[in-house]
file upload_14.pdb (PDB, C-alpha atoms and all ligand atoms)
MODEL        1
ATOM      1  CA  MET D   1       0.581  45.856  13.488
ATOM      2  CA  SER D   2      -0.803  45.281  16.943
ATOM      3  CA  ILE D   3      -2.886  47.367  19.304
ATOM      4  CA  SER D   4      -3.062  44.963  22.176
ATOM      5  CA  GLU D   5      -1.054  43.811  25.137
ATOM      6  CA  ILE D   6      -0.307  40.583  23.290
ATOM      7  CA  PRO D   7       2.267  42.019  20.882
ATOM      8  CA  GLU D   8       1.932  39.279  18.286
ATOM      9  CA  LEU D   9      -1.894  39.488  18.207
ATOM     10  CA  PRO D  10      -2.873  41.148  14.912
ATOM     11  CA  ALA D  11      -5.170  44.190  15.098
ATOM     12  CA  ILE D  12      -7.962  42.459  13.142
ATOM     13  CA  GLY D  13      -8.991  38.851  12.589
ATOM     14  CA  PHE D  14     -10.886  36.692  10.104
ATOM     15  CA  GLY D  15     -13.697  34.634  11.659
ATOM     16  CA  THR D  16     -15.009  31.346  10.350
ATOM     17  CA  ALA D  17     -18.420  30.837  11.995
ATOM     18  CA  ASP D  18     -20.915  29.485   9.431
ATOM     19  CA  LEU D  19     -18.129  28.903   6.898
ATOM     20  CA  ALA D  20     -17.681  25.162   7.526
ATOM     21  CA  GLY D  21     -18.065  24.141   3.858
ATOM     22  CA  PRO D  22     -15.966  26.770   2.097
ATOM     23  CA  ALA D  23     -13.600  27.498   5.020
ATOM     24  CA  ASP D  24     -10.486  26.226   3.214
ATOM     25  CA  ARG D  25     -11.128  28.429   0.154
ATOM     26  CA  LEU D  26     -12.175  31.536   2.107
ATOM     27  CA  VAL D  27      -9.428  31.315   4.734
ATOM     28  CA  LEU D  28      -6.877  30.932   1.944
ATOM     29  CA  GLU D  29      -8.427  33.994   0.274
ATOM     30  CA  ALA D  30      -8.187  35.859   3.601
ATOM     31  CA  ILE D  31      -4.531  34.890   4.138
ATOM     32  CA  ARG D  32      -3.661  35.897   0.577
ATOM     33  CA  ALA D  33      -5.386  39.251   1.208
ATOM     34  CA  GLY D  34      -3.235  39.799   4.292
ATOM     35  CA  HIS D  35      -5.255  38.485   7.253
ATOM     36  CA  ARG D  36      -2.967  36.923   9.860
ATOM     37  CA  LEU D  37      -5.352  36.223  12.766
ATOM     38  CA  ILE D  38      -7.738  33.353  12.038
ATOM     39  CA  ASP D  39     -10.508  32.545  14.520
ATOM     40  CA  THR D  40     -12.227  29.166  14.503
ATOM     41  CA  ALA D  41     -13.946  26.797  16.957
ATOM     42  CA  ARG D  42     -14.809  23.146  17.191
ATOM     43  CA  VAL D  43     -18.506  23.976  16.951
ATOM     44  CA  TYR D  44     -18.062  25.908  13.680
ATOM     45  CA  GLY D  45     -16.813  22.769  11.923
ATOM     46  CA  SER D  46     -14.195  24.920  10.200
ATOM     47  CA  GLU D  47     -11.003  23.871  12.028
ATOM     48  CA  ASP D  48      -9.979  21.384   9.346
ATOM     49  CA  GLY D  49     -10.649  23.945   6.601
ATOM     50  CA  VAL D  50      -8.404  26.406   8.437
ATOM     51  CA  GLY D  51      -5.665  23.772   8.648
ATOM     52  CA  GLN D  52      -5.943  23.012   4.923
ATOM     53  CA  ALA D  53      -5.834  26.705   4.027
ATOM     54  CA  VAL D  54      -2.724  27.268   6.155
ATOM     55  CA  GLU D  55      -0.958  24.296   4.553
ATOM     56  CA  ARG D  56      -1.827  25.587   1.088
ATOM     57  CA  ALA D  57      -0.730  29.142   1.915
ATOM     58  CA  GLU D  58       2.604  27.782   3.186
ATOM     59  CA  GLU D  59       3.042  25.698   0.000
ATOM     60  CA  GLU D  60       2.353  28.791  -2.091
ATOM     61  CA  GLY D  61       4.952  30.724  -0.105
ATOM     62  CA  VAL D  62       2.342  33.301   0.957
ATOM     63  CA  VAL D  63       3.020  32.895   4.665
ATOM     64  CA  ARG D  64       4.859  30.806   7.242
ATOM     65  CA  ARG D  65       2.922  29.179  10.078
ATOM     66  CA  GLU D  66       4.718  31.316  12.641
ATOM     67  CA  GLU D  67       3.479  34.479  10.943
ATOM     68  CA  LEU D  68      -0.111  33.434  11.629
ATOM     69  CA  PHE D  69      -2.075  33.711  14.858
ATOM     70  CA  LEU D  70      -4.436  30.706  14.978
ATOM     71  CA  GLU D  71      -7.076  30.549  17.682
ATOM     72  CA  THR D  72      -9.743  27.980  18.362
ATOM     73  CA  LYS D  73     -12.202  27.231  21.152
ATOM     74  CA  LEU D  74     -13.099  24.343  23.376
ATOM     75  CA  ALA D  75     -16.609  23.094  22.661
ATOM     76  CA  PRO D  76     -18.914  24.230  25.476
ATOM     77  CA  ASP D  77     -20.019  20.662  26.237
ATOM     78  CA  ARG D  78     -16.358  19.567  26.646
ATOM     79  CA  HIS D  79     -15.531  21.613  29.723
ATOM     80  CA  GLY D  80     -13.664  19.682  32.397
ATOM     81  CA  TYR D  81      -9.960  18.985  32.876
ATOM     82  CA  HIS D  82      -9.563  15.732  30.921
ATOM     83  CA  GLU D  83     -12.035  16.714  28.210
ATOM     84  CA  ALA D  84     -10.153  19.980  27.610
ATOM     85  CA  LEU D  85      -6.788  18.232  27.256
ATOM     86  CA  GLN D  86      -8.251  15.697  24.845
ATOM     87  CA  ASP D  87     -10.086  18.355  22.847
ATOM     88  CA  PHE D  88      -6.880  20.377  22.534
ATOM     89  CA  GLU D  89      -5.027  17.424  20.952
ATOM     90  CA  GLU D  90      -7.944  16.808  18.603
ATOM     91  CA  ALA D  91      -7.987  20.479  17.594
ATOM     92  CA  LEU D  92      -4.263  20.360  16.769
ATOM     93  CA  ASN D  93      -4.893  17.313  14.571
ATOM     94  CA  ARG D  94      -7.810  18.910  12.782
ATOM     95  CA  MET D  95      -5.834  22.097  12.219
ATOM     96  CA  CYS D  96      -2.641  20.278  11.128
ATOM     97  CA  THR D  97      -0.462  22.218  13.543
ATOM     98  CA  ASP D  98       1.637  21.296  16.573
ATOM     99  CA  TYR D  99       0.821  24.412  18.581
ATOM    100  CA  LEU D 100      -1.929  26.985  18.878
ATOM    101  CA  ASP D 101      -1.544  30.700  19.349
ATOM    102  CA  MET D 102      -4.663  30.810  21.485
ATOM    103  CA  PHE D 103      -7.071  28.278  22.953
ATOM    104  CA  MET D 104     -10.295  29.574  24.469
ATOM    105  CA  LEU D 105     -13.362  28.513  26.420
ATOM    106  CA  HIS D 106     -16.281  29.248  24.086
ATOM    107  CA  TRP D 107     -19.158  29.865  26.530
ATOM    108  CA  PRO D 108     -19.234  29.886  30.325
ATOM    109  CA  VAL D 109     -22.356  27.740  30.685
ATOM    110  CA  ALA D 110     -22.952  24.791  28.388
ATOM    111  CA  ARG D 111     -26.321  23.215  27.829
ATOM    112  CA  GLY D 112     -26.799  20.484  30.416
ATOM    113  CA  SER D 113     -24.062  21.740  32.746
ATOM    114  CA  GLU D 114     -26.070  24.501  34.425
ATOM    115  CA  GLU D 115     -25.778  22.832  37.827
ATOM    116  CA  ASN D 116     -22.015  22.217  37.820
ATOM    117  CA  TYR D 117     -20.670  24.648  35.232
ATOM    118  CA  ARG D 118     -18.334  26.321  37.773
ATOM    119  CA  GLU D 119     -16.475  23.082  38.495
ATOM    120  CA  LYS D 120     -16.352  22.247  34.793
ATOM    121  CA  ASN D 121     -14.996  25.700  33.899
ATOM    122  CA  ILE D 122     -12.384  25.471  36.642
ATOM    123  CA  GLY D 123     -11.296  22.018  35.422
ATOM    124  CA  ALA D 124     -11.088  23.213  31.821
ATOM    125  CA  TRP D 125      -9.244  26.384  32.795
ATOM    126  CA  GLN D 126      -6.733  24.361  34.859
ATOM    127  CA  ALA D 127      -6.053  22.310  31.732
ATOM    128  CA  LEU D 128      -5.589  25.414  29.567
ATOM    129  CA  ALA D 129      -3.248  26.998  32.130
ATOM    130  CA  GLU D 130      -1.216  23.783  32.160
ATOM    131  CA  LEU D 131      -1.039  23.693  28.347
ATOM    132  CA  LYS D 132       0.262  27.251  28.420
ATOM    133  CA  ARG D 133       2.877  26.449  31.106
ATOM    134  CA  LYS D 134       4.077  23.545  28.957
ATOM    135  CA  GLY D 135       4.334  25.787  25.878
ATOM    136  CA  ARG D 136       1.724  23.874  23.886
ATOM    137  CA  VAL D 137      -0.356  27.012  23.459
ATOM    138  CA  ARG D 138       0.927  30.576  23.546
ATOM    139  CA  HIS D 139      -2.097  32.319  25.031
ATOM    140  CA  ILE D 140      -5.334  31.316  26.729
ATOM    141  CA  GLY D 141      -8.614  33.133  26.754
ATOM    142  CA  VAL D 142     -12.370  32.936  27.147
ATOM    143  CA  CYS D 143     -15.404  34.108  25.238
ATOM    144  CA  ASN D 144     -18.672  35.510  26.537
ATOM    145  CA  PHE D 145     -17.589  35.395  30.185
ATOM    146  CA  LEU D 146     -19.345  37.888  32.459
ATOM    147  CA  GLU D 147     -17.688  39.355  35.564
ATOM    148  CA  ARG D 148     -18.854  36.573  37.862
ATOM    149  CA  HIS D 149     -17.630  33.825  35.523
ATOM    150  CA  LEU D 150     -14.159  35.421  35.440
ATOM    151  CA  LEU D 151     -14.064  35.808  39.217
ATOM    152  CA  GLN D 152     -14.997  32.147  39.677
ATOM    153  CA  LEU D 153     -11.723  31.266  37.950
ATOM    154  CA  THR D 154      -9.514  33.625  39.940
ATOM    155  CA  ASP D 155     -11.273  32.734  43.218
ATOM    156  CA  ALA D 156     -10.111  29.161  42.532
ATOM    157  CA  GLY D 157      -6.521  30.447  42.449
ATOM    158  CA  LEU D 158      -6.260  30.281  38.665
ATOM    159  CA  PRO D 159      -4.877  33.001  36.377
ATOM    160  CA  MET D 160      -7.140  35.614  34.821
ATOM    161  CA  PRO D 161      -7.723  34.880  31.122
ATOM    162  CA  GLU D 162      -5.588  36.984  28.792
ATOM    163  CA  VAL D 163      -8.455  37.657  26.392
ATOM    164  CA  ASN D 164     -12.246  37.897  26.547
ATOM    165  CA  GLN D 165     -13.951  37.575  23.154
ATOM    166  CA  LEU D 166     -17.311  39.342  23.327
ATOM    167  CA  GLU D 167     -20.120  40.444  21.068
ATOM    168  CA  LEU D 168     -19.271  44.133  20.579
ATOM    169  CA  HIS D 169     -20.458  46.685  18.040
ATOM    170  CA  PRO D 170     -22.077  50.125  18.185
ATOM    171  CA  GLY D 171     -25.452  48.559  19.046
ATOM    172  CA  PHE D 172     -24.132  46.420  21.896
ATOM    173  CA  GLN D 173     -21.171  47.900  23.724
ATOM    174  CA  GLN D 174     -21.131  46.041  27.082
ATOM    175  CA  ARG D 175     -19.255  48.998  28.588
ATOM    176  CA  GLY D 176     -19.211  47.786  32.202
ATOM    177  CA  LEU D 177     -17.887  44.359  31.282
ATOM    178  CA  VAL D 178     -15.256  45.857  28.959
ATOM    179  CA  ARG D 179     -14.093  48.186  31.769
ATOM    180  CA  PHE D 180     -13.924  45.269  34.204
ATOM    181  CA  CYS D 181     -11.806  43.212  31.777
ATOM    182  CA  ARG D 182      -9.479  46.101  30.952
ATOM    183  CA  GLU D 183      -8.866  46.858  34.629
ATOM    184  CA  ARG D 184      -7.599  43.301  34.888
ATOM    185  CA  GLY D 185      -5.302  43.618  31.879
ATOM    186  CA  MET D 186      -7.406  41.571  29.480
ATOM    187  CA  VAL D 187      -7.401  42.123  25.728
ATOM    188  CA  ILE D 188     -10.858  42.397  24.170
ATOM    189  CA  GLU D 189     -11.738  40.717  20.892
ATOM    190  CA  ALA D 190     -15.014  41.807  19.268
ATOM    191  CA  TRP D 191     -17.257  39.286  17.533
ATOM    192  CA  SER D 192     -20.035  40.305  15.124
ATOM    193  CA  PRO D 193     -18.367  43.714  14.735
ATOM    194  CA  MET D 194     -20.736  44.521  11.843
ATOM    195  CA  GLY D 195     -23.581  44.504  14.345
ATOM    196  CA  ARG D 196     -25.844  42.556  12.008
ATOM    197  CA  GLY D 197     -26.235  45.448   9.600
ATOM    198  CA  ILE D 198     -26.991  48.127  12.215
ATOM    199  CA  LEU D 199     -25.098  50.724  10.155
ATOM    200  CA  LYS D 200     -26.909  49.957   6.896
ATOM    201  CA  THR D 201     -28.949  53.170   6.982
ATOM    202  CA  PRO D 202     -28.712  56.227   4.714
ATOM    203  CA  GLU D 203     -27.206  58.245   7.609
ATOM    204  CA  PHE D 204     -24.350  55.832   8.297
ATOM    205  CA  GLU D 205     -23.811  55.007   4.631
ATOM    206  CA  ALA D 206     -23.298  58.745   4.072
ATOM    207  CA  MET D 207     -20.979  58.910   7.079
ATOM    208  CA  ALA D 208     -18.903  55.997   5.713
ATOM    209  CA  ALA D 209     -18.833  57.583   2.243
ATOM    210  CA  SER D 210     -17.508  60.836   3.734
ATOM    211  CA  TYR D 211     -14.366  58.867   4.631
ATOM    212  CA  GLY D 212     -14.331  57.068   1.275
ATOM    213  CA  LYS D 213     -15.333  53.811   3.019
ATOM    214  CA  ASP D 214     -18.317  51.436   3.243
ATOM    215  CA  VAL D 215     -20.337  50.793   6.410
ATOM    216  CA  GLY D 216     -18.475  47.545   7.044
ATOM    217  CA  GLN D 217     -15.184  49.418   7.164
ATOM    218  CA  LEU D 218     -16.793  52.100   9.343
ATOM    219  CA  ALA D 219     -17.938  49.446  11.833
ATOM    220  CA  LEU D 220     -14.474  47.870  11.931
ATOM    221  CA  ARG D 221     -12.762  51.236  12.360
ATOM    222  CA  TRP D 222     -15.113  52.063  15.275
ATOM    223  CA  SER D 223     -14.048  48.766  16.873
ATOM    224  CA  ILE D 224     -10.347  49.516  16.370
ATOM    225  CA  GLN D 225     -10.734  53.009  17.860
ATOM    226  CA  LYS D 226     -12.394  51.462  20.920
ATOM    227  CA  GLY D 227      -9.265  49.367  21.343
ATOM    228  CA  PHE D 228     -10.933  46.052  20.411
ATOM    229  CA  VAL D 229      -9.584  43.404  18.054
ATOM    230  CA  PRO D 230     -12.514  42.918  15.652
ATOM    231  CA  LEU D 231     -13.121  39.505  14.096
ATOM    232  CA  THR D 232     -14.956  39.763  10.845
ATOM    233  CA  ARG D 233     -16.318  37.122   8.520
ATOM    234  CA  SER D 234     -17.038  37.319   4.832
ATOM    235  CA  SER D 235     -17.668  35.068   1.851
ATOM    236  CA  ASP D 236     -17.083  37.959  -0.522
ATOM    237  CA  PRO D 237     -13.487  38.360  -1.770
ATOM    238  CA  ALA D 238     -13.982  42.115  -2.175
ATOM    239  CA  HIS D 239     -15.148  42.468   1.453
ATOM    240  CA  ILE D 240     -12.320  40.197   2.663
ATOM    241  CA  ALA D 241      -9.781  42.592   1.131
ATOM    242  CA  HIS D 242     -11.646  45.832   1.977
ATOM    243  CA  ASN D 243     -11.964  44.841   5.605
ATOM    244  CA  LEU D 244      -8.203  45.241   5.965
ATOM    245  CA  GLU D 245      -8.300  48.785   4.569
ATOM    246  CA  ILE D 246      -9.273  50.446   7.822
ATOM    247  CA  PHE D 247      -5.954  51.853   9.006
ATOM    248  CA  ASP D 248      -5.822  54.882   6.742
ATOM    249  CA  PHE D 249      -8.639  56.950   8.274
ATOM    250  CA  GLU D 250      -9.889  58.136  11.644
ATOM    251  CA  ILE D 251     -13.541  58.525  12.653
ATOM    252  CA  GLY D 252     -13.926  62.062  13.994
ATOM    253  CA  PRO D 253     -15.316  62.898  17.465
ATOM    254  CA  GLN D 254     -18.805  63.954  16.297
ATOM    255  CA  ASP D 255     -19.263  60.822  14.184
ATOM    256  CA  THR D 256     -17.936  58.703  17.043
ATOM    257  CA  GLU D 257     -20.589  60.251  19.291
ATOM    258  CA  LYS D 258     -23.317  59.320  16.795
ATOM    259  CA  LEU D 259     -22.042  55.742  16.595
ATOM    260  CA  ASP D 260     -21.710  55.483  20.373
ATOM    261  CA  ALA D 261     -25.325  56.671  20.735
ATOM    262  CA  LEU D 262     -26.519  53.495  18.970
ATOM    263  CA  ASN D 263     -25.813  51.461  22.100
ATOM    264  CA  THR D 264     -28.951  49.601  23.179
ATOM    265  CA  ASN D 265     -27.352  47.205  25.621
ATOM    266  CA  THR D 266     -29.729  44.658  24.159
ATOM    267  CA  ASP D 267     -28.126  41.347  23.396
ATOM    268  CA  HIS D 268     -29.569  38.271  21.737
ATOM    269  CA  GLN D 269     -32.079  37.351  24.365
ATOM    270  CA  ASP D 270     -33.662  35.016  21.852
ATOM    271  CA  ILE D 271     -30.501  32.933  21.707
ATOM    272  CA  TRP D 272     -30.380  30.235  24.339
ATOM    273  CA  SER D 273     -26.603  30.536  24.885
ATOM    274  CA  TYR D 274     -27.136  34.122  26.012
ATOM    275  CA  LYS D 275     -30.030  33.277  28.295
ATOM    276  CA  ARG D 276     -27.955  30.610  30.022
ATOM    277  CA  GLN D 277     -24.984  32.937  30.365
ATOM    278  CA  GLN D 278     -27.173  35.643  31.966
ATOM    279  CA  MET D 279     -28.965  33.216  34.294
ATOM    280  CA  TYR D 280     -25.985  31.466  35.825
TER     281      TYR D 280
HETATM  282  N1  LIG D 301     -17.068  33.548  20.646
HETATM  283  C1  LIG D 301     -18.301  33.529  20.193
HETATM  284  O1  LIG D 301     -19.246  33.135  20.863
HETATM  285  C2  LIG D 301     -18.550  34.021  18.796
HETATM  286  C3  LIG D 301     -19.868  34.214  18.350
HETATM  287  C4  LIG D 301     -20.055  34.670  17.048
HETATM  288  C5  LIG D 301     -18.964  34.916  16.225
HETATM  289  N2  LIG D 301     -17.693  34.688  16.683
HETATM  290  C6  LIG D 301     -16.500  34.898  15.817
HETATM  291  O2  LIG D 301     -16.514  36.203  15.294
HETATM  292  C7  LIG D 301     -16.518  36.139  13.877
HETATM  293  C8  LIG D 301     -17.229  37.330  13.321
HETATM  294  O3  LIG D 301     -18.594  37.377  13.707
HETATM  295  P1  LIG D 301     -19.683  37.322  12.558
HETATM  296  O4  LIG D 301     -19.479  36.051  11.846
HETATM  297  O5  LIG D 301     -21.020  37.610  13.134
HETATM  298  O6  LIG D 301     -19.128  38.521  11.601
HETATM  299  P2  LIG D 301     -19.449  39.945  11.090
HETATM  300  O7  LIG D 301     -18.241  40.305  10.307
HETATM  301  O8  LIG D 301     -19.939  40.887  12.134
HETATM  302  O9  LIG D 301     -20.683  39.691  10.120
HETATM  303  C9  LIG D 301     -20.576  38.904   8.988
HETATM  304  C10 LIG D 301     -21.513  39.499   7.926
HETATM  305  O10 LIG D 301     -21.015  40.801   7.549
HETATM  306  C11 LIG D 301     -20.928  40.867   6.138
HETATM  307  N3  LIG D 301     -19.762  41.708   5.795
HETATM  308  C12 LIG D 301     -18.454  41.428   5.978
HETATM  309  N4  LIG D 301     -17.688  42.446   5.539
HETATM  310  C13 LIG D 301     -18.524  43.400   5.065
HETATM  311  C14 LIG D 301     -18.357  44.676   4.485
HETATM  312  N5  LIG D 301     -17.135  45.215   4.301
HETATM  313  N6  LIG D 301     -19.458  45.375   4.124
HETATM  314  C15 LIG D 301     -20.694  44.866   4.301
HETATM  315  N7  LIG D 301     -20.931  43.649   4.840
HETATM  316  C16 LIG D 301     -19.865  42.923   5.224
HETATM  317  C17 LIG D 301     -20.774  39.448   5.660
HETATM  318  O11 LIG D 301     -21.363  39.319   4.393
HETATM  319  P3  LIG D 301     -20.482  38.907   3.099
HETATM  320  O12 LIG D 301     -20.168  37.451   3.269
HETATM  321  O13 LIG D 301     -21.390  39.211   1.952
HETATM  322  O14 LIG D 301     -19.247  39.765   3.103
HETATM  323  C18 LIG D 301     -21.581  38.660   6.689
HETATM  324  O15 LIG D 301     -22.945  38.598   6.308
HETATM  325  C19 LIG D 301     -17.163  34.784  13.576
HETATM  326  O16 LIG D 301     -16.954  34.347  12.273
HETATM  327  C20 LIG D 301     -16.489  33.939  14.636
HETATM  328  O17 LIG D 301     -15.175  33.607  14.233
HETATM  329  C21 LIG D 301     -17.475  34.270  17.957
ENDMDL
END

call {"tool": "encode", "arguments": {"input": "upload_14.pdb", "output": "structure tokens"}}
result
Amino acid sequence: MSISEIPELPAIGFGTADLAGPADRLVLEAIRAGHRLIDTARVYGSEDGVGQAVERAEEEGVVRREELFLETKLAPDRHGYHEALQDFEEALNRMCTDYLDMFMLHWPVARGSEENYREKNIGAWQALAELKRKGRVRHIGVCNFLERHLLQLTDAGLPMPEVNQLELHPGFQQRGLVRFCRERGMVIEAWSPMGRGILKTPEFEAMAASYGKDVGQLALRWSIQKGFVPLTRSSDPAHIAHNLEIFDFEIGPQDTEKLDALNTNTDHQDIWSYKRQQMY
């Protein structure tokens, strides 16, 4: 099923941040459970584990490569035209595939490139647009790009990214940025959809239970109803399976209001990637 303007993009994805060691086992578990969108990145160290899991799942007859949507991200310190092309080939090798479903820029401003990040982003984005024109990658996107970072690309005569992958959950809704992206036809993927446990309170546990669900499923359903494509991560086989069971209920208007009211618009100011992104 798909809710986005990229018809083959599944409605929910399995993320692999912090899963470098067990990525092969957990991604295989996720594919067996029914996940079809797998999100990785060079910096997670999980690309090779994803590749191994896909090979194994194909051998087992669980899935064919073309039924999966594999996305990975250019390392932030590899922005630039030539670096992006080289990184793309390396990612294909690590992931044991000859094409990607989506290749993304991971952050707009890398450490050490504060002074020339615009030029580096433009170079990298030129490379991604070229890879798409040549059919090496099906879709191209960005992560964590604010309005000005997106406009820097289009002001250089380059296409608007198809997707922006953003931190989004009830506690951090980035409504203005989401509106801006939607007005330009972008699909929104939501990272950290669980909101770092923001719903683990008696009130929201009771709300989830009223639908016969847990708070993780409630958080994912909220994301789906906002029209996002949530990417969730889990090392727990039960959670991996449960996180797909979110299409058989609807959060009602009053509960949606309560969840929406959790918005603080406070991001991770203690994380240096965020500070850089806000400053430049
Ligand atoms: N583009 C970017 O800059 C960026 C940044 C961060 C993340 N991401 C991507 O987005 C993915 C998701 O973000 P995230 O890793 O922060 O994921 P998340 O799904 O919001 O949070 C993961 C945590 O939620 C727990 N969890 C999962 N399912 C649950 C459930 N049903 N009930 C209760 N707890 C549950 C997991 O614990 P258990 O293991 O016990 O289930 C884990 O501790 C990442 O893996 C990565 O692929 C992208």

call {"tool": "residues_around", "arguments": {"input": "upload_14.pdb", "residues": "Glu189 (chain D)", "least_positions_apart": "2", "cutoff": "6 Å", "atoms": "only C-alpha atoms", "output": "VMD selection string"}}
result
chain D and resid 165 228 to 230

call {"tool": "resolve_selection", "arguments": {"input": "upload_14.pdb", "expression": "the PyMOL selection byres (((chain D and resi 62-64) around 12) and not hetatm)", "output": "list in words"}}
result
Leu28, Glu29, Ala30, Ile31, Arg32, Ala33, Gly34, His35, Arg36, Ala53, Val54, Glu55, Arg56, Ala57, Glu58, Glu59, Glu60, Gly61, Arg65, Glu66, Glu67, Leu68, Phe69 and Thr97 of chain D

call {"tool": "write_last_selection", "arguments": {"input": "upload_14.pdb", "atoms": "C-alpha atoms", "output": "PDB file, in the coordinates of the input"}}
result
ATOM      1  CA  LEU D  28      -6.877  30.932   1.944  1.00  0.00           C
ATOM      2  CA  GLU D  29      -8.427  33.994   0.274  1.00  0.00           C
ATOM      3  CA  ALA D  30      -8.187  35.859   3.601  1.00  0.00           C
ATOM      4  CA  ILE D  31      -4.531  34.890   4.138  1.00  0.00           C
ATOM      5  CA  ARG D  32      -3.661  35.897   0.577  1.00  0.00           C
ATOM      6  CA  ALA D  33      -5.386  39.251   1.208  1.00  0.00           C
ATOM      7  CA  GLY D  34      -3.235  39.799   4.292  1.00  0.00           C
ATOM      8  CA  HIS D  35      -5.255  38.485   7.253  1.00  0.00           C
ATOM      9  CA  ARG D  36      -2.967  36.923   9.860  1.00  0.00           C
ATOM     10  CA  ALA D  53      -5.834  26.705   4.027  1.00  0.00           C
ATOM     11  CA  VAL D  54      -2.724  27.268   6.155  1.00  0.00           C
ATOM     12  CA  GLU D  55      -0.958  24.296   4.553  1.00  0.00           C
ATOM     13  CA  ARG D  56      -1.827  25.587   1.088  1.00  0.00           C
ATOM     14  CA  ALA D  57      -0.730  29.142   1.915  1.00  0.00           C
ATOM     15  CA  GLU D  58       2.604  27.782   3.186  1.00  0.00           C
ATOM     16  CA  GLU D  59       3.042  25.698   0.000  1.00  0.00           C
ATOM     17  CA  GLU D  60       2.353  28.791  -2.091  1.00  0.00           C
ATOM     18  CA  GLY D  61       4.952  30.724  -0.105  1.00  0.00           C
ATOM     19  CA  ARG D  65       2.922  29.179  10.078  1.00  0.00           C
ATOM     20  CA  GLU D  66       4.718  31.316  12.641  1.00  0.00           C
ATOM     21  CA  GLU D  67       3.479  34.479  10.943  1.00  0.00           C
ATOM     22  CA  LEU D  68      -0.111  33.434  11.629  1.00  0.00           C
ATOM     23  CA  PHE D  69      -2.075  33.711  14.858  1.00  0.00           C
ATOM     24  CA  THR D  97      -0.462  22.218  13.543  1.00  0.00           C
TER      25      THR D  97
END

call {"tool": "resolve_selection", "arguments": {"input": "upload_14.pdb", "expression": "the PyMOL selection byres (((chain D and resi 16-27) around 12) and not hetatm)", "output": "mmCIF file with C-alpha atoms, in the coordinates of the input"}}
result
data_model
loop_
_atom_site.group_PDB
_atom_site.id
_atom_site.type_symbol
_atom_site.label_atom_id
_atom_site.label_comp_id
_atom_site.auth_asym_id
_atom_site.auth_seq_id
_atom_site.Cartn_x
_atom_site.Cartn_y
_atom_site.Cartn_z
ATOM 1 C CA GLY D 13 -8.991 38.851 12.589
ATOM 2 C CA PHE D 14 -10.886 36.692 10.104
ATOM 3 C CA GLY D 15 -13.697 34.634 11.659
ATOM 4 C CA LEU D 28 -6.877 30.932 1.944
ATOM 5 C CA GLU D 29 -8.427 33.994 0.274
ATOM 6 C CA ALA D 30 -8.187 35.859 3.601
ATOM 7 C CA ILE D 31 -4.531 34.890 4.138
ATOM 8 C CA ARG D 32 -3.661 35.897 0.577
ATOM 9 C CA ALA D 33 -5.386 39.251 1.208
ATOM 10 C CA GLY D 34 -3.235 39.799 4.292
ATOM 11 C CA HIS D 35 -5.255 38.485 7.253
ATOM 12 C CA ARG D 36 -2.967 36.923 9.860
ATOM 13 C CA LEU D 37 -5.352 36.223 12.766
ATOM 14 C CA ILE D 38 -7.738 33.353 12.038
ATOM 15 C CA ASP D 39 -10.508 32.545 14.520
ATOM 16 C CA THR D 40 -12.227 29.166 14.503
ATOM 17 C CA ALA D 41 -13.946 26.797 16.957
ATOM 18 C CA ARG D 42 -14.809 23.146 17.191
ATOM 19 C CA VAL D 43 -18.506 23.976 16.951
ATOM 20 C CA TYR D 44 -18.062 25.908 13.680
ATOM 21 C CA GLY D 45 -16.813 22.769 11.923
ATOM 22 C CA SER D 46 -14.195 24.920 10.200
ATOM 23 C CA GLU D 47 -11.003 23.871 12.028
ATOM 24 C CA ASP D 48 -9.979 21.384 9.346
ATOM 25 C CA GLY D 49 -10.649 23.945 6.601
ATOM 26 C CA VAL D 50 -8.404 26.406 8.437
ATOM 27 C CA GLY D 51 -5.665 23.772 8.648
ATOM 28 C CA GLN D 52 -5.943 23.012 4.923
ATOM 29 C CA ALA D 53 -5.834 26.705 4.027
ATOM 30 C CA VAL D 54 -2.724 27.268 6.155
ATOM 31 C CA GLU D 55 -0.958 24.296 4.553
ATOM 32 C CA ARG D 56 -1.827 25.587 1.088
ATOM 33 C CA ALA D 57 -0.730 29.142 1.915
ATOM 34 C CA LEU D 68 -0.111 33.434 11.629
ATOM 35 C CA LEU D 70 -4.436 30.706 14.978
ATOM 36 C CA GLU D 71 -7.076 30.549 17.682
ATOM 37 C CA THR D 72 -9.743 27.980 18.362
ATOM 38 C CA LYS D 73 -12.202 27.231 21.152
ATOM 39 C CA MET D 95 -5.834 22.097 12.219
ATOM 40 C CA TRP D 191 -17.257 39.286 17.533
ATOM 41 C CA SER D 192 -20.035 40.305 15.124
ATOM 42 C CA LEU D 231 -13.121 39.505 14.096
ATOM 43 C CA THR D 232 -14.956 39.763 10.845
ATOM 44 C CA ARG D 233 -16.318 37.122 8.520
ATOM 45 C CA SER D 234 -17.038 37.319 4.832
ATOM 46 C CA SER D 235 -17.668 35.068 1.851
ATOM 47 C CA ASP D 236 -17.083 37.959 -0.522
ATOM 48 C CA PRO D 237 -13.487 38.360 -1.770
ATOM 49 C CA ALA D 238 -13.982 42.115 -2.175
ATOM 50 C CA HIS D 239 -15.148 42.468 1.453
ATOM 51 C CA ILE D 240 -12.320 40.197 2.663
ATOM 52 C CA ALA D 241 -9.781 42.592 1.131
#

call {"tool": "resolve_selection", "arguments": {"input": "upload_14.pdb", "expression": "the PyMOL selection byres (((chain D and resi 84) around 12) and not hetatm)", "output": "ChimeraX atom specification"}}
result
/D:42,73-83,85-91,103-106,120-131

call {"tool": "closest_residue", "arguments": {"input": "upload_14.pdb", "among": "D:Met279, D:Leu166, D:Ala206, D:Cys181", "to": "ligand LIG 301 (chain D)", "atoms": "all atoms listed in the file"}}
result
D:Leu166

call {"tool": "closest_residue", "arguments": {"input": "upload_14.pdb", "among": "D:Cys143, D:Ile246, D:Ala219, D:Ala261", "to": "ligand LIG 301 (chain D)", "atoms": "all atoms listed in the file"}}
result
D:Cys143
